[in-house]
Amino acid sequence: AAVTVLVVSDLLGPLPNLPRAWRQGRPRDVLRLGIGAALAMPIGVWLLSRIPSEVFSWMVSLGVFALLALLMSGWRYDGVLTRRLTVVTGALGGLLGGASGLAGPPVILLYMASPLPAAAIRATILMFLFVMDVMILGVLSLSGLIASGAVIAGLALAVPYTICNVIGARFFVPDREGLFRAVAYTIIAASALLGLPVWS
């Protein structure tokens with residue numbers, strides 16, 4: 001149910017920003033990432049149906065903290081984003097997305113560590129996450145794991161989420177990469193903290 005709420009709200013929120021992301025990002029990379037994710041996502045969904053909720057929460061939060069630690073350590077990938085690398089990274093994202101609804105960490109780690117401009121990084125990640133939401137929703141539906149109440153909750157959350165996506169896009173300044181990374185790291189840290197099961 002938690003994954004369904006997340007995916008439904010996240011599916012609609014970025015729609016106003018997709019045309020700009022298509023122009024600024026790397027659609028071919030998104031295609032390769034999507035191919036890898038499609039191959040691994042069913043395995044992640046299978047795991048989701050068998051993971052206890054508390055283990056699920058710890059897994060997601062600790063995974064996000066690991067991502068944040070790597071990014072803040074200054075690790076950078078100076079190599080070429082080859083076809084094989086993007087497909088494998090997409091597969092890792094698909095596996096994690098199917099199991100937790102959060103397909104982003106492997107892809108975010110690779111692209112934020114790459115030498116690409118901030119605008120291209122942001123746009124590519126946005127497009128990839130949209131594609132993942134469509135795929136996760138499809139796999140969940142085929143697996144019979146969609147709850148109608150969760151869909152309604154996701155649609156309700158999609159309204160403020162879409163509005164804030166539009167507002168947030170206006171604050172994005174491609175030339176201020178330092179600010180871009182600082183805001184991204186803060187949001188990642190807050191998400192990981194709030195997701196810890198200790199709060200419940």
# chains A, B, ... in the order shown; residues from 1 in each chain; ligands from 1
$ residues_around --residues "Val159 in chain A" --least-positions-apart "6" --cutoff "12 Å" --atoms "only C-alpha atoms" --output "VMD selection string"
chain A and resid 8 to 15 152 to 153 165 to 166
$ write_last_selection --atoms "all heavy atoms" --output "compact mmCIF listing (two decimals), in the first residue's frame"
# COMPACT_ATOMS: atom_id res chain seq x y z
N VAL A 8 1.67 6.41 -7.24
CA VAL A 8 0.56 7.16 -7.84
C VAL A 8 0.78 8.66 -7.70
O VAL A 8 0.61 9.42 -8.66
CB VAL A 8 -0.79 6.75 -7.19
CG1 VAL A 8 -1.91 7.68 -7.65
CG2 VAL A 8 -1.13 5.31 -7.56
N SER A 9 1.18 9.12 -6.52
CA SER A 9 1.41 10.56 -6.32
C SER A 9 2.61 11.03 -7.13
O SER A 9 2.60 12.11 -7.72
CB SER A 9 1.61 10.87 -4.83
OG SER A 9 2.74 10.18 -4.32
N ASP A 10 3.64 10.20 -7.20
CA ASP A 10 4.86 10.58 -7.91
C ASP A 10 4.69 10.51 -9.42
O ASP A 10 5.43 11.15 -10.17
CB ASP A 10 6.00 9.66 -7.48
CG ASP A 10 7.36 10.21 -7.82
OD1 ASP A 10 7.56 11.43 -7.67
OD2 ASP A 10 8.23 9.44 -8.24
N LEU A 11 3.72 9.75 -9.88
CA LEU A 11 3.47 9.62 -11.32
C LEU A 11 2.93 10.92 -11.90
O LEU A 11 3.29 11.33 -13.01
CB LEU A 11 2.50 8.47 -11.58
CG LEU A 11 2.19 8.13 -13.03
CD1 LEU A 11 3.44 7.64 -13.74
CD2 LEU A 11 1.10 7.07 -13.10
N LEU A 12 2.04 11.58 -11.16
CA LEU A 12 1.38 12.78 -11.68
C LEU A 12 2.17 14.06 -11.40
O LEU A 12 2.14 15.00 -12.20
CB LEU A 12 -0.02 12.89 -11.07
CG LEU A 12 -0.96 11.71 -11.35
CD1 LEU A 12 -2.29 11.91 -10.63
CD2 LEU A 12 -1.17 11.53 -12.83
N GLY A 13 2.88 14.10 -10.28
CA GLY A 13 3.56 15.32 -9.87
C GLY A 13 4.53 15.91 -10.88
O GLY A 13 4.50 17.11 -11.16
N PRO A 14 5.41 15.10 -11.49
CA PRO A 14 6.41 15.66 -12.40
C PRO A 14 5.91 16.00 -13.80
O PRO A 14 6.67 16.53 -14.61
CB PRO A 14 7.45 14.53 -12.48
CG PRO A 14 7.14 13.59 -11.38
CD PRO A 14 5.68 13.69 -11.16
N LEU A 15 4.65 15.66 -14.14
CA LEU A 15 4.17 15.84 -15.51
C LEU A 15 4.43 17.24 -16.09
O LEU A 15 4.86 17.36 -17.24
CB LEU A 15 2.66 15.52 -15.58
CG LEU A 15 2.29 14.04 -15.53
CD1 LEU A 15 0.77 13.87 -15.54
CD2 LEU A 15 2.90 13.29 -16.71
N ILE A 152 -6.46 5.98 -4.08
CA ILE A 152 -7.17 7.23 -3.74
C ILE A 152 -6.26 8.15 -2.93
O ILE A 152 -6.20 9.36 -3.18
CB ILE A 152 -8.46 6.90 -2.96
CG1 ILE A 152 -9.44 6.16 -3.87
CG2 ILE A 152 -9.10 8.18 -2.42
CD1 ILE A 152 -10.65 5.61 -3.15
N ALA A 153 -5.55 7.58 -1.96
CA ALA A 153 -4.63 8.39 -1.16
C ALA A 153 -3.53 8.99 -2.02
O ALA A 153 -3.14 10.16 -1.86
CB ALA A 153 -4.02 7.54 -0.05
N ASN A 165 5.87 20.71 -7.38
CA ASN A 165 6.81 20.42 -8.46
C ASN A 165 6.98 21.63 -9.37
O ASN A 165 8.09 21.97 -9.78
CB ASN A 165 6.32 19.22 -9.28
CG ASN A 165 7.03 17.93 -8.93
OD1 ASN A 165 8.07 17.62 -9.48
ND2 ASN A 165 6.47 17.21 -7.97
N VAL A 166 5.85 22.27 -9.69
CA VAL A 166 5.89 23.45 -10.55
C VAL A 166 6.64 24.58 -9.86
O VAL A 166 7.50 25.25 -10.46
CB VAL A 166 4.47 23.89 -10.92
CG1 VAL A 166 4.50 25.21 -11.69
CG2 VAL A 166 3.77 22.81 -11.74
$ residues_around --residues "range 122-132 of chain A" --least-positions-apart "6" --cutoff "6 Å" --atoms "only C-alpha atoms" --output "list of chain:residue names"
A:Leu11, A:Ala21, A:Gln24, A:Gly25, A:Arg26, A:Val30
$ select_by_dssp --residues "range 52-166 of chain A" --states "alpha helix (DSSP H)" --output "PyMOL selection string"
chain A and resi 53-72+83-100+104-112+118-142+148-166
$ closest_residue --among "A:Leu6, A:Leu68, A:Leu31, A:Met41" --to "Ala192 in chain A" --atoms "only C-alpha atoms"
A:Leu68
$ closest_residue --among "A:Ala118, A:Leu62, A:Met135, A:Ala158" --to "Ala38 in chain A" --atoms "only C-alpha atoms"
A:Met135
$ closest_residue --among "A:Val45, A:Val5, A:Met72, A:Ala66" --to "Gly144 in chain A" --atoms "only C-alpha atoms"
A:Val45
$ closest_atom_pairs --of "range 22-65 of chain A" --to "range 83-92 of chain A" --cutoff "12 Å" --atoms "only C-alpha atoms" --output "Markdown table"
| residue | atom | partner | partner_atom | distance |
| --- | --- | --- | --- | --- |
| A:Arg26 | CA | A:Thr86 | CA | 11.5 |
| A:Pro27 | CA | A:Thr86 | CA | 11.9 |
| A:Arg28 | CA | A:Arg83 | CA | 9.4 |
| A:Asp29 | CA | A:Thr86 | CA | 6.6 |
| A:Val30 | CA | A:Thr86 | CA | 8.4 |
| A:Leu31 | CA | A:Val87 | CA | 8.8 |
| A:Arg32 | CA | A:Val87 | CA | 5.2 |
| A:Leu33 | CA | A:Gly90 | CA | 4.0 |
| A:Gly34 | CA | A:Gly90 | CA | 6.0 |
| A:Ile35 | CA | A:Val87 | CA | 6.5 |
| A:Gly36 | CA | A:Ala91 | CA | 4.0 |
| A:Ala37 | CA | A:Ala91 | CA | 4.1 |
| A:Ala38 | CA | A:Ala91 | CA | 7.2 |
| A:Leu39 | CA | A:Ala91 | CA | 6.6 |
| A:Ala40 | CA | A:Ala91 | CA | 5.3 |
| A:Met41 | CA | A:Ala91 | CA | 7.4 |
| A:Pro42 | CA | A:Ala91 | CA | 10.6 |
| A:Ile43 | CA | A:Ala91 | CA | 10.3 |
| A:Gly44 | CA | A:Leu92 | CA | 9.6 |
$ write_last_selection --atoms "N, CA, C and O atoms" --output "mmCIF file, in the first residue's frame"
data_model
loop_
_atom_site.group_PDB
_atom_site.id
_atom_site.type_symbol
_atom_site.label_atom_id
_atom_site.label_comp_id
_atom_site.auth_asym_id
_atom_site.auth_seq_id
_atom_site.Cartn_x
_atom_site.Cartn_y
_atom_site.Cartn_z
ATOM 1 N N ARG A 26 18.942 13.373 -21.038
ATOM 2 C CA ARG A 26 19.519 12.395 -21.964
ATOM 3 C C ARG A 26 18.523 11.252 -22.168
ATOM 4 O O ARG A 26 18.615 10.208 -21.499
ATOM 5 N N PRO A 27 17.556 11.438 -23.076
ATOM 6 C CA PRO A 27 16.507 10.424 -23.296
ATOM 7 C C PRO A 27 17.052 9.040 -23.644
ATOM 8 O O PRO A 27 16.463 8.028 -23.251
ATOM 9 N N ARG A 28 18.160 8.977 -24.384
ATOM 10 C CA ARG A 28 18.727 7.665 -24.735
ATOM 11 C C ARG A 28 19.201 6.937 -23.482
ATOM 12 O O ARG A 28 19.059 5.705 -23.379
ATOM 13 N N ASP A 29 19.783 7.671 -22.547
ATOM 14 C CA ASP A 29 20.190 7.056 -21.287
ATOM 15 C C ASP A 29 18.972 6.528 -20.538
ATOM 16 O O ASP A 29 19.013 5.449 -19.940
ATOM 17 N N VAL A 30 17.892 7.299 -20.561
ATOM 18 C CA VAL A 30 16.669 6.882 -19.869
ATOM 19 C C VAL A 30 16.130 5.590 -20.473
ATOM 20 O O VAL A 30 15.663 4.695 -19.753
ATOM 21 N N LEU A 31 16.211 5.460 -21.801
ATOM 22 C CA LEU A 31 15.774 4.236 -22.468
ATOM 23 C C LEU A 31 16.590 3.045 -21.993
ATOM 24 O O LEU A 31 16.040 1.977 -21.664
ATOM 25 N N ARG A 32 17.903 3.205 -21.928
ATOM 26 C CA ARG A 32 18.772 2.108 -21.482
ATOM 27 C C ARG A 32 18.533 1.776 -20.016
ATOM 28 O O ARG A 32 18.491 0.602 -19.633
ATOM 29 N N LEU A 33 18.388 2.809 -19.196
ATOM 30 C CA LEU A 33 18.085 2.582 -17.782
ATOM 31 C C LEU A 33 16.762 1.832 -17.637
ATOM 32 O O LEU A 33 16.629 0.931 -16.807
ATOM 33 N N GLY A 34 15.791 2.212 -18.472
ATOM 34 C CA GLY A 34 14.478 1.587 -18.415
ATOM 35 C C GLY A 34 14.513 0.122 -18.827
ATOM 36 O O GLY A 34 13.807 -0.710 -18.243
ATOM 37 N N ILE A 35 15.344 -0.205 -19.808
ATOM 38 C CA ILE A 35 15.475 -1.600 -20.239
ATOM 39 C C ILE A 35 16.021 -2.453 -19.088
ATOM 40 O O ILE A 35 15.508 -3.538 -18.784
ATOM 41 N N GLY A 36 17.061 -1.953 -18.431
ATOM 42 C CA GLY A 36 17.630 -2.677 -17.293
ATOM 43 C C GLY A 36 16.621 -2.828 -16.170
ATOM 44 O O GLY A 36 16.485 -3.904 -15.572
ATOM 45 N N ALA A 37 15.879 -1.753 -15.892
ATOM 46 C CA ALA A 37 14.898 -1.789 -14.815
ATOM 47 C C ALA A 37 13.771 -2.770 -15.102
ATOM 48 O O ALA A 37 13.302 -3.484 -14.218
ATOM 49 N N ALA A 38 13.341 -2.830 -16.360
ATOM 50 C CA ALA A 38 12.248 -3.732 -16.734
ATOM 51 C C ALA A 38 12.626 -5.187 -16.503
ATOM 52 O O ALA A 38 11.778 -6.014 -16.154
ATOM 53 N N LEU A 39 13.908 -5.509 -16.685
ATOM 54 C CA LEU A 39 14.354 -6.887 -16.505
ATOM 55 C C LEU A 39 14.393 -7.291 -15.028
ATOM 56 O O LEU A 39 14.125 -8.448 -14.687
ATOM 57 N N ALA A 40 14.712 -6.333 -14.158
ATOM 58 C CA ALA A 40 14.912 -6.664 -12.737
ATOM 59 C C ALA A 40 13.719 -6.349 -11.846
ATOM 60 O O ALA A 40 13.612 -6.899 -10.747
ATOM 61 N N MET A 41 12.824 -5.484 -12.294
ATOM 62 C CA MET A 41 11.735 -5.043 -11.422
ATOM 63 C C MET A 41 10.823 -6.168 -10.931
ATOM 64 O O MET A 41 10.426 -6.175 -9.759
ATOM 65 N N PRO A 42 10.437 -7.130 -11.778
ATOM 66 C CA PRO A 42 9.580 -8.210 -11.271
ATOM 67 C C PRO A 42 10.177 -8.953 -10.076
ATOM 68 O O PRO A 42 9.461 -9.396 -9.178
ATOM 69 N N ILE A 43 11.508 -9.074 -10.053
ATOM 70 C CA ILE A 43 12.174 -9.723 -8.918
ATOM 71 C C ILE A 43 11.982 -8.880 -7.657
ATOM 72 O O ILE A 43 11.712 -9.402 -6.573
ATOM 73 N N GLY A 44 12.100 -7.543 -7.816
ATOM 74 C CA GLY A 44 11.906 -6.652 -6.682
ATOM 75 C C GLY A 44 10.494 -6.716 -6.129
ATOM 76 O O GLY A 44 10.281 -6.713 -4.917
#
$ closest_atom_pairs --of "range 90-114 of chain A" --to "range 170-187 of chain A" --cutoff "12 Å" --atoms "only C-alpha atoms" --output "JSON lines"
{"residue": "A:Ile108", "atom": "CA", "partner": "A:Ala184", "partner_atom": "CA", "distance": 10.2}
{"residue": "A:Leu109", "atom": "CA", "partner": "A:Tyr185", "partner_atom": "CA", "distance": 11.2}
{"residue": "A:Tyr111", "atom": "CA", "partner": "A:Arg181", "partner_atom": "CA", "distance": 11.8}
{"residue": "A:Met112", "atom": "CA", "partner": "A:Arg181", "partner_atom": "CA", "distance": 8.3}
{"residue": "A:Ala113", "atom": "CA", "partner": "A:Arg181", "partner_atom": "CA", "distance": 10.6}
$ write_last_selection --atoms "N, CA, C and O atoms" --output "PDB file, in the first residue's frame"
ATOM      1  N   ILE A 108      20.579   7.961  -9.170  1.00  0.00           N
ATOM      2  CA  ILE A 108      20.968   9.259  -8.603  1.00  0.00           C
ATOM      3  C   ILE A 108      22.450   9.257  -8.262  1.00  0.00           C
ATOM      4  O   ILE A 108      23.169  10.228  -8.537  1.00  0.00           O
ATOM      5  N   LEU A 109      22.917   8.172  -7.654  1.00  0.00           N
ATOM      6  CA  LEU A 109      24.334   8.077  -7.295  1.00  0.00           C
ATOM      7  C   LEU A 109      25.222   8.200  -8.527  1.00  0.00           C
ATOM      8  O   LEU A 109      26.177   8.978  -8.536  1.00  0.00           O
ATOM      9  N   TYR A 111      24.571   9.445 -11.606  1.00  0.00           N
ATOM     10  CA  TYR A 111      24.496  10.704 -12.354  1.00  0.00           C
ATOM     11  C   TYR A 111      24.981  11.903 -11.544  1.00  0.00           C
ATOM     12  O   TYR A 111      25.593  12.823 -12.101  1.00  0.00           O
ATOM     13  N   MET A 112      24.729  11.916 -10.244  1.00  0.00           N
ATOM     14  CA  MET A 112      25.238  13.030  -9.445  1.00  0.00           C
ATOM     15  C   MET A 112      26.744  12.928  -9.235  1.00  0.00           C
ATOM     16  O   MET A 112      27.397  13.909  -8.901  1.00  0.00           O
ATOM     17  N   ALA A 113      27.304  11.728  -9.430  1.00  0.00           N
ATOM     18  CA  ALA A 113      28.754  11.575  -9.350  1.00  0.00           C
ATOM     19  C   ALA A 113      29.424  11.787 -10.699  1.00  0.00           C
ATOM     20  O   ALA A 113      30.645  11.819 -10.786  1.00  0.00           O
TER      21      ALA A 113
END
$ atom_distance --atom1 "CA of Gly98 in chain A" --atom2 "CA of Ala69 in chain A"
23.3 Å
$ atom_distance --atom1 "CA of Ile188 in chain A" --atom2 "CA of Val80 in chain A"
25.6 Å
$ atom_distance --atom1 "CA of Leu140 in chain A" --atom2 "CA of Arg20 in chain A"
28.9 Å
